[in-house]
$ cat my_file23.cif   # mmCIF, C-alpha atoms
data_final
#
loop_
_atom_site.label_atom_id
_atom_site.label_comp_id
_atom_site.auth_asym_id
_atom_site.auth_seq_id
_atom_site.Cartn_x
_atom_site.Cartn_y
_atom_site.Cartn_z
CA MET W 1212 -10.57 36.89 -6.53
CA THR W 1213 -11.47 35.58 -3.05
CA ARG W 1214 -13.58 32.81 -4.58
CA THR W 1215 -10.73 31.69 -6.84
CA LEU W 1216 -8.24 31.74 -3.96
CA LEU W 1217 -10.53 29.74 -1.67
CA SER W 1218 -11.18 27.20 -4.42
CA SER W 1219 -7.44 26.78 -5.05
CA VAL W 1220 -6.70 26.29 -1.34
CA LEU W 1221 -9.41 23.64 -0.98
CA LEU W 1222 -8.23 21.73 -4.03
CA VAL W 1223 -4.60 21.81 -2.90
CA LEU W 1224 -5.64 20.47 0.52
CA ALA W 1225 -7.63 17.70 -1.17
CA CYS W 1226 -4.60 16.65 -3.22
CA LEU W 1227 -2.33 16.70 -0.16
CA LEU W 1228 -4.77 14.54 1.80
CA VAL W 1229 -4.83 11.82 -0.87
CA PRO W 1230 -1.59 10.05 0.24
CA LEU W 1231 -2.36 10.65 3.92
CA GLY W 1232 -5.88 9.29 3.53
CA THR W 1233 -4.56 6.22 1.73
CA LEU W 1234 -2.06 5.65 4.54
CA SER W 1235 -4.63 6.10 7.31
CA THR W 1236 -7.06 3.67 5.69
CA TRP W 1237 -4.28 1.10 5.28
CA ALA W 1238 -3.07 1.56 8.86
CA LYS W 1239 -6.54 1.09 10.31
CA TYR W 1240 -7.98 -1.66 8.14
CA GLU W 1241 -4.83 -3.60 7.15
CA ILE W 1242 -2.34 -3.22 9.99
CA GLY W 1243 -4.97 -2.67 12.68
CA ASP W 1244 -7.17 -5.64 11.70
CA SER W 1245 -5.92 -9.04 12.87
CA ASP W 1246 -7.70 -11.11 10.20
CA ARG W 1247 -6.50 -8.91 7.33
CA TYR W 1248 -2.98 -8.90 8.71
CA VAL W 1249 -2.88 -12.69 8.89
CA SER W 1250 -4.37 -12.96 5.38
CA ALA W 1251 -1.67 -10.65 4.04
CA MET W 1252 1.09 -12.66 5.69
CA ALA W 1253 -0.32 -16.11 4.91
CA PRO W 1254 1.04 -16.38 1.32
CA LEU W 1255 4.57 -15.87 2.67
CA ALA W 1256 4.48 -19.42 4.00
CA THR W 1257 5.15 -20.60 0.43
CA GLN W 1258 7.98 -18.13 -0.27
CA PRO W 1259 11.37 -19.92 -0.50
CA ASP W 1260 13.19 -17.01 1.17
CA VAL W 1261 10.80 -17.08 4.11
CA GLN W 1262 10.93 -20.87 4.37
CA ASN W 1263 14.73 -20.83 4.45
CA ALA W 1264 14.76 -18.06 7.06
CA VAL W 1265 12.36 -20.04 9.25
CA ALA W 1266 14.43 -23.21 8.81
CA ASP W 1267 17.62 -21.35 9.75
CA ALA W 1268 16.04 -19.78 12.83
CA VAL W 1269 14.47 -23.02 14.07
CA THR W 1270 17.66 -25.01 13.48
CA ASP W 1271 19.81 -22.45 15.29
CA GLY W 1272 17.36 -22.23 18.19
CA VAL W 1273 17.20 -26.01 18.68
CA THR W 1274 20.89 -26.81 18.25
CA LYS W 1275 21.91 -24.13 20.74
CA ASN W 1276 20.07 -26.14 23.38
CA LEU W 1277 21.11 -29.60 22.13
CA ASP W 1278 24.40 -31.45 22.63
CA VAL W 1279 24.83 -34.80 20.86
CA GLY W 1280 28.60 -34.79 20.72
CA PRO W 1281 30.27 -35.64 17.42
CA LEU W 1282 26.87 -36.00 15.77
CA GLN W 1283 26.07 -32.32 16.31
CA SER W 1284 26.77 -31.28 12.72
CA THR W 1285 24.87 -34.26 11.28
CA VAL W 1286 21.85 -33.62 13.47
CA GLU W 1287 21.93 -29.94 12.58
CA ASP W 1288 21.92 -30.64 8.83
CA TYR W 1289 19.19 -33.24 9.16
CA LEU W 1290 17.06 -30.94 11.30
CA HIS W 1291 17.44 -28.10 8.80
CA ASP W 1292 16.34 -30.34 5.93
CA ALA W 1293 13.42 -31.59 8.02
CA VAL W 1294 12.25 -28.05 8.74
CA VAL W 1295 12.53 -27.07 5.06
CA SER W 1296 10.47 -30.13 4.16
CA PHE W 1297 7.92 -29.27 6.84
CA THR W 1298 7.46 -25.74 5.49
CA GLY W 1299 5.71 -27.22 2.45
CA THR W 1300 2.91 -28.82 4.47
CA ALA W 1301 -0.52 -27.60 5.52
CA ALA W 1302 0.55 -27.97 9.15
CA PHE W 1303 3.24 -25.34 8.64
CA GLN W 1304 0.70 -22.97 7.09
CA LYS W 1305 -1.46 -23.35 10.20
CA ALA W 1306 1.48 -22.84 12.55
CA TRP W 1307 2.63 -19.84 10.48
CA ASN W 1308 -0.81 -18.21 10.72
CA THR W 1309 -0.93 -18.83 14.47
CA ALA W 1310 2.49 -17.25 14.97
CA ASN W 1311 1.58 -14.23 12.84
CA ARG W 1312 -1.67 -13.65 14.70
CA ALA W 1313 0.26 -13.57 17.96
CA ALA W 1314 2.82 -11.21 16.40
CA HIS W 1315 0.06 -8.90 15.19
CA ASP W 1316 -1.47 -8.74 18.64
CA ALA W 1317 1.96 -7.80 20.01
CA VAL W 1318 2.42 -5.07 17.39
CA GLN W 1319 -1.04 -3.62 18.01
CA GLN W 1320 -0.57 -3.71 21.77
CA ALA W 1321 2.76 -1.91 21.39
CA ILE W 1322 1.06 0.79 19.30
CA ASP W 1323 -1.86 1.20 21.71
CA ASP W 1324 -0.06 0.88 25.04
CA ASP W 1325 3.36 2.40 24.24
CA SER W 1326 5.03 -0.81 25.40
CA ALA W 1327 8.78 -1.03 25.03
CA GLY W 1328 10.93 -3.74 23.48
CA PRO W 1329 11.06 -5.30 20.01
CA VAL W 1330 8.17 -7.08 18.32
CA THR W 1331 9.06 -10.69 17.52
CA LEU W 1332 7.58 -13.71 15.74
CA ASP W 1333 7.74 -16.80 17.97
CA LEU W 1334 8.53 -19.97 15.98
CA ALA W 1335 7.92 -22.38 18.88
CA PRO W 1336 4.72 -23.74 17.21
CA VAL W 1337 6.78 -24.62 14.12
CA THR W 1338 9.47 -26.33 16.21
CA GLU W 1339 6.84 -28.33 18.09
CA GLN W 1340 5.27 -29.54 14.85
CA VAL W 1341 8.67 -30.54 13.40
CA LYS W 1342 9.57 -32.46 16.57
CA ARG W 1343 6.25 -34.32 16.47
CA GLN W 1344 6.73 -35.21 12.81
CA LEU W 1345 10.25 -36.55 13.45
CA GLN W 1346 8.97 -38.62 16.38
CA ASP W 1347 6.25 -40.12 14.19
CA GLU W 1348 8.98 -41.11 11.70
CA ASN W 1349 10.99 -42.73 14.54
CA VAL W 1350 14.01 -40.49 13.90
CA PRO W 1351 16.78 -40.99 16.52
CA PHE W 1352 17.20 -38.17 19.04
CA ALA W 1353 13.80 -36.70 18.01
CA SER W 1354 12.44 -37.03 21.54
CA GLN W 1355 15.46 -35.11 22.87
CA LEU W 1356 14.90 -32.06 20.70
CA PRO W 1357 14.10 -29.02 22.84
CA VAL W 1358 11.33 -26.63 21.88
CA PRO W 1359 12.74 -23.19 22.71
CA HIS W 1360 10.94 -19.93 22.03
CA THR W 1361 12.89 -19.21 18.87
CA GLU W 1362 12.03 -15.68 17.75
CA ILE W 1363 12.43 -13.62 14.61
CA THR W 1364 12.49 -9.87 15.19
CA LEU W 1365 9.84 -8.11 13.13
CA LEU W 1366 10.35 -4.62 14.52
CA PRO W 1367 13.42 -3.60 16.53
CA ALA W 1368 12.72 -1.48 19.57
CA ASP W 1369 14.21 1.65 17.98
CA ASP W 1370 12.10 1.32 14.82
CA LEU W 1371 8.97 0.63 16.86
CA GLU W 1372 9.52 3.77 18.90
CA SER W 1373 9.72 5.92 15.76
CA LEU W 1374 6.70 4.28 14.11
CA ARG W 1375 4.39 4.01 17.12
CA LYS W 1376 3.06 7.58 17.23
CA GLY W 1377 2.67 7.86 13.48
CA LEU W 1378 0.78 4.57 13.16
CA HIS W 1379 -1.40 5.39 16.15
CA MET W 1380 -2.39 8.77 14.69
CA LEU W 1381 -3.10 7.22 11.28
CA GLN W 1382 -5.26 4.51 12.82
CA VAL W 1383 -7.22 7.09 14.82
CA ALA W 1384 -7.76 9.17 11.68
CA GLY W 1385 -8.97 6.14 9.72
CA LEU W 1386 -11.52 7.10 7.08
CA TRP W 1387 -11.72 10.73 8.22
CA LEU W 1388 -8.76 11.79 6.12
CA PRO W 1389 -10.02 10.37 2.78
CA LEU W 1390 -13.49 11.71 3.60
CA ALA W 1391 -12.00 15.17 4.20
CA ALA W 1392 -10.17 14.92 0.87
CA VAL W 1393 -13.46 14.24 -0.94
CA VAL W 1394 -15.25 17.10 0.85
CA PHE W 1395 -12.46 19.59 0.05
CA ALA W 1396 -12.39 18.48 -3.58
CA VAL W 1397 -16.15 18.85 -4.02
CA ALA W 1398 -16.20 22.24 -2.30
CA GLY W 1399 -13.22 23.48 -4.29
CA LEU W 1400 -14.75 22.44 -7.60
CA ALA W 1401 -18.09 24.01 -6.66
CA LEU W 1402 -16.36 27.34 -6.01
CA ALA W 1403 -14.13 27.21 -9.09
CA VAL W 1404 -14.76 29.89 -11.71
CA ARG W 1405 -13.26 27.79 -14.50
CA ARG W 1406 -14.59 24.44 -13.42
CA ARG W 1407 -13.27 22.30 -16.24
CA ARG W 1408 -9.76 23.58 -15.73
CA ALA W 1409 -10.11 22.98 -11.98
CA VAL W 1410 -11.21 19.38 -12.59
CA THR W 1411 -8.17 18.79 -14.80
CA ALA W 1412 -5.80 20.26 -12.23
CA THR W 1413 -7.39 18.28 -9.39
CA GLY W 1414 -7.09 15.00 -11.27
CA ILE W 1415 -3.42 15.64 -11.97
CA GLY W 1416 -2.81 16.74 -8.37
CA MET W 1417 -4.37 13.60 -6.90
CA ALA W 1418 -2.38 11.42 -9.28
CA LEU W 1419 0.81 13.21 -8.22
CA GLY W 1420 -0.06 12.73 -4.54
CA ALA W 1421 -0.58 9.00 -4.99
CA GLY W 1422 2.58 8.82 -7.09
CA ALA W 1423 4.53 10.48 -4.29
CA LEU W 1424 3.27 7.81 -1.90
CA LEU W 1425 4.45 5.07 -4.27
CA LEU W 1426 7.88 6.68 -4.41
CA ALA W 1427 7.95 6.94 -0.61
CA LEU W 1428 7.19 3.21 -0.33
CA VAL W 1429 10.11 2.38 -2.60
CA ILE W 1430 12.46 4.58 -0.56
CA ALA W 1431 11.16 3.16 2.74
CA ARG W 1432 11.74 -0.39 1.47
CA ALA W 1433 15.34 0.40 0.57
CA LEU W 1434 15.95 2.04 3.95
CA THR W 1435 14.32 -0.83 5.83
CA LEU W 1436 16.42 -3.48 4.10
CA GLY W 1437 19.52 -1.32 4.39
CA HIS W 1438 19.22 -1.15 8.18
CA LEU W 1439 19.02 -4.92 8.64
CA SER W 1440 21.69 -6.58 10.71
CA ASP W 1441 24.29 -8.73 8.98
CA GLY W 1442 22.61 -11.93 10.11
CA SER W 1443 19.17 -10.99 8.79
CA ASP W 1444 17.71 -12.53 5.66
CA GLU W 1445 17.17 -9.68 3.21
CA GLY W 1446 15.02 -11.77 0.88
CA ALA W 1447 12.61 -12.75 3.65
CA ALA W 1448 12.46 -9.19 5.01
CA GLY W 1449 11.71 -7.85 1.54
CA ALA W 1450 8.94 -10.41 1.08
CA VAL W 1451 7.36 -9.39 4.38
CA TYR W 1452 7.55 -5.69 3.49
CA ASP W 1453 5.99 -6.30 0.08
CA ALA W 1454 3.19 -8.40 1.57
CA LEU W 1455 2.27 -5.80 4.17
CA THR W 1456 2.27 -2.91 1.67
CA ALA W 1457 0.61 -4.73 -1.24
CA THR W 1458 -2.85 -3.20 -0.72
CA LEU W 1459 -1.27 0.22 -0.17
CA ARG W 1460 0.54 0.04 -3.49
CA THR W 1461 -2.57 -1.22 -5.29
CA ALA W 1462 -4.72 1.59 -3.90
CA SER W 1463 -2.10 4.17 -4.89
CA TRP W 1464 -1.90 2.88 -8.46
CA VAL W 1465 -5.71 2.96 -8.70
CA ILE W 1466 -5.75 6.60 -7.57
CA VAL W 1467 -3.02 7.47 -10.09
CA GLY W 1468 -5.02 5.85 -12.90
CA VAL W 1469 -8.34 7.44 -11.91
CA GLY W 1470 -6.78 10.87 -11.44
CA LEU W 1471 -5.08 10.84 -14.84
CA ALA W 1472 -8.23 9.49 -16.52
CA VAL W 1473 -10.35 12.28 -15.02
CA ALA W 1474 -7.79 14.91 -16.02
CA LEU W 1475 -7.56 13.58 -19.57
CA ALA W 1476 -11.34 13.35 -19.96
CA SER W 1477 -11.79 16.91 -18.71
CA TRP W 1478 -9.07 18.22 -21.02
CA LEU W 1479 -10.46 16.42 -24.05
CA THR W 1480 -13.97 17.65 -23.28
CA GLY W 1481 -12.71 21.23 -23.23
CA ARG W 1482 -10.82 20.79 -26.50
CA TRP W 1483 -13.84 19.19 -28.15
CA GLY W 1484 -16.09 22.02 -26.98
CA ARG W 1485 -13.75 24.69 -28.35
CA TRP W 1486 -13.35 22.81 -31.64
CA GLY W 1487 -17.12 22.49 -31.97
CA THR W 1488 -17.65 26.18 -31.28
CA ALA W 1489 -15.02 27.18 -33.81
CA ARG W 1490 -16.51 24.84 -36.41
CA ARG W 1491 -20.02 26.19 -35.95
CA GLY W 1492 -18.68 29.73 -36.24
CA GLY W 1493 -16.92 28.85 -39.49
CA VAL W 1494 -20.07 27.33 -40.95
CA THR W 1495 -22.09 30.43 -40.08
CA ARG W 1496 -19.63 32.77 -41.76
CA SER W 1497 -19.59 30.72 -44.96
CA ALA W 1498 -23.35 30.04 -45.11
CA ALA W 1499 -24.02 32.79 -47.71
CA PRO W 1500 -21.15 32.87 -50.18
CA GLY W 1501 -20.84 36.01 -52.29
CA MET W 1502 -22.81 38.12 -49.85
CA PRO W 1503 -21.22 41.19 -48.37
CA PRO W 1504 -19.81 40.63 -44.90
CA GLY W 1505 -22.02 41.60 -41.99
CA ARG W 1506 -25.27 41.10 -43.98
CA PRO W 1507 -26.86 37.99 -42.55
CA GLY W 1508 -29.67 36.25 -44.37
CA GLY W 1509 -28.57 37.56 -47.78
CA SER W 1510 -30.28 40.92 -47.23
CA LEU W 1511 -29.53 43.52 -49.85
CA PRO W 1512 -27.96 46.80 -48.92
CA MET W 1513 -30.44 49.63 -48.71
CA THR W 1514 -30.32 51.97 -51.69
CA GLN W 1515 -31.73 55.37 -52.13
CA LYS W 1516 -35.15 55.27 -53.79
CA GLU W 1517 -35.37 56.67 -57.26
CA GLY W 1518 -36.40 60.27 -57.19
CA ALA W 1519 -35.73 60.65 -53.51
CA PRO W 1520 -33.92 63.80 -52.46
#
$ encode --input "my_file23.cif" --output "structure tokens"
Amino acid sequence: MTRTLLSSVLLVLACLLVPLGTLSTWAKYEIGDSDRYVSAMAPLATQPDVQNAVADAVTDGVTKNLDVGPLQSTVEDYLHDAVVSFTGTAAFQKAWNTANRAAHDAVQQAIDDDSAGPVTLDLAPVTEQVKRQLQDENVPFASQLPVPHTEITLLPADDLESLRKGLHMLQVAGLWLPLAAVVFAVAGLALAVRRRRAVTATGIGMALGAGALLLALVIARALTLGHLSDGSDEGAAGAVYDALTATLRTASWVIVGVGLAVALASWLTGRWGRWGTARRGGVTRSAAPGMPPGRPGGSLPMTQKEGAP
């Protein structure tokens, strides 16, 4: 009884650690690594929603510091079109990666040092590149364009405060949580009295744990987009969220598939074994047709010898 209880506890702990281990690995090696973070954000440079959001932010930041009189509206429209056109160039990709690397360093510093204030993405490198391009094309007023530190808020101060401790703990845990899940699973299966049934239950439990994480990501996405301010671009924010959680979703789906495959294989193996045992038993019982039951080998019943008392 104690062995069965201990095995069950270890296997339940292993299943519970599956989503936490996936999160800790993602937090340490995706969010905590500058190169992986920039690689995850790099494809967003080609997303129309992100390009429009960048164009809007740069245009607003420049025109707030520019006064050209009655030509204000014309310059604003032209500048917006110029920024949208620039977002399709290799120079924008480079400027985008530079800005995101700086933003990542700010996020990681906020997590490590408990610094206050929001985490922002500075678009000044993009504005500088657009101004240089317009000057090369001899566009009027291009030399007068200011290059302010136009910023897009990635994490508001309130959200950062609530996420800081959780992310820090997950990054510290790193690979220890998934390693603990593996150790608990192996120990629980080794102690299990009915091992095949334990393997089936563990596979289903791990799949459910990863499935719960997938559901949590969907809910978190809806809450994140729902808390955006009225002036925020929901399409761009959704693209950023999806890019940052892409590896997390992929890993969760892999765990769901592996867990269900292991459970199904274990269940089928047990059914096949029972079917084979029943079939062999049936063949044995019908091996000597016409013989009295319980007389293997066709042996004749013993009879009293003739003349015996």
$ closest_residue --input "my_file23.cif" --among "W:Arg1432, W:Ala1384, W:Val1249, W:Pro1254" --to "Glu1445 (chain W)" --atoms "all atoms listed in the file"
W:Arg1432
$ closest_residue --input "my_file23.cif" --among "W:Trp1478, W:Ala1353, W:Ala1472, W:Ile1322" --to "Leu1378 (chain W)" --atoms "only C-alpha atoms"
W:Ile1322
$ residues_around --input "my_file23.cif" --residues "region 1434-1438 of chain W" --least-positions-apart "6" --cutoff "10 Å" --atoms "only C-alpha atoms" --output "PyMOL selection string"
chain W and resi 1370+1428+1444-1446+1448-1449+1452
$ resolve_selection --input "my_file23.cif" --expression "the PyMOL selection byres ((chain W and resi 1464) around 12)" --output "PyMOL selection string"
chain W and resi 1230+1233+1417-1426+1457-1463+1465-1471
$ write_last_selection --input "my_file23.cif" --atoms "C-alpha atoms" --output "mmCIF file, in the frame of the given file"
data_model
loop_
_atom_site.group_PDB
_atom_site.id
_atom_site.type_symbol
_atom_site.label_atom_id
_atom_site.label_comp_id
_atom_site.auth_asym_id
_atom_site.auth_seq_id
_atom_site.Cartn_x
_atom_site.Cartn_y
_atom_site.Cartn_z
ATOM 1 C CA PRO W 1230 -1.590 10.050 0.240
ATOM 2 C CA THR W 1233 -4.560 6.220 1.730
ATOM 3 C CA MET W 1417 -4.370 13.600 -6.900
ATOM 4 C CA ALA W 1418 -2.380 11.420 -9.280
ATOM 5 C CA LEU W 1419 0.810 13.210 -8.220
ATOM 6 C CA GLY W 1420 -0.060 12.730 -4.540
ATOM 7 C CA ALA W 1421 -0.580 9.000 -4.990
ATOM 8 C CA GLY W 1422 2.580 8.820 -7.090
ATOM 9 C CA ALA W 1423 4.530 10.480 -4.290
ATOM 10 C CA LEU W 1424 3.270 7.810 -1.900
ATOM 11 C CA LEU W 1425 4.450 5.070 -4.270
ATOM 12 C CA LEU W 1426 7.880 6.680 -4.410
ATOM 13 C CA ALA W 1457 0.610 -4.730 -1.240
ATOM 14 C CA THR W 1458 -2.850 -3.200 -0.720
ATOM 15 C CA LEU W 1459 -1.270 0.220 -0.170
ATOM 16 C CA ARG W 1460 0.540 0.040 -3.490
ATOM 17 C CA THR W 1461 -2.570 -1.220 -5.290
ATOM 18 C CA ALA W 1462 -4.720 1.590 -3.900
ATOM 19 C CA SER W 1463 -2.100 4.170 -4.890
ATOM 20 C CA VAL W 1465 -5.710 2.960 -8.700
ATOM 21 C CA ILE W 1466 -5.750 6.600 -7.570
ATOM 22 C CA VAL W 1467 -3.020 7.470 -10.090
ATOM 23 C CA GLY W 1468 -5.020 5.850 -12.900
ATOM 24 C CA VAL W 1469 -8.340 7.440 -11.910
ATOM 25 C CA GLY W 1470 -6.780 10.870 -11.440
ATOM 26 C CA LEU W 1471 -5.080 10.840 -14.840
#
$ resolve_selection --input "my_file23.cif" --expression "the PyMOL selection byres ((chain W and resi 1268-1283) around 9)" --output "PyMOL selection string"
chain W and resi 1263-1267+1284-1288+1290-1291+1294+1334-1335+1337-1338+1352+1355-1363
$ atom_distance --input "my_file23.cif" --atom1 "CA of Ala1253 (chain W)" --atom2 "CA of Asn1308 (chain W)"
6.2 Å
$ closest_residue --input "my_file23.cif" --among "W:Leu1234, W:Cys1226, W:Ala1476, W:Ala1256" --to "Gly1385 (chain W)" --atoms "all atoms listed in the file"
W:Leu1234
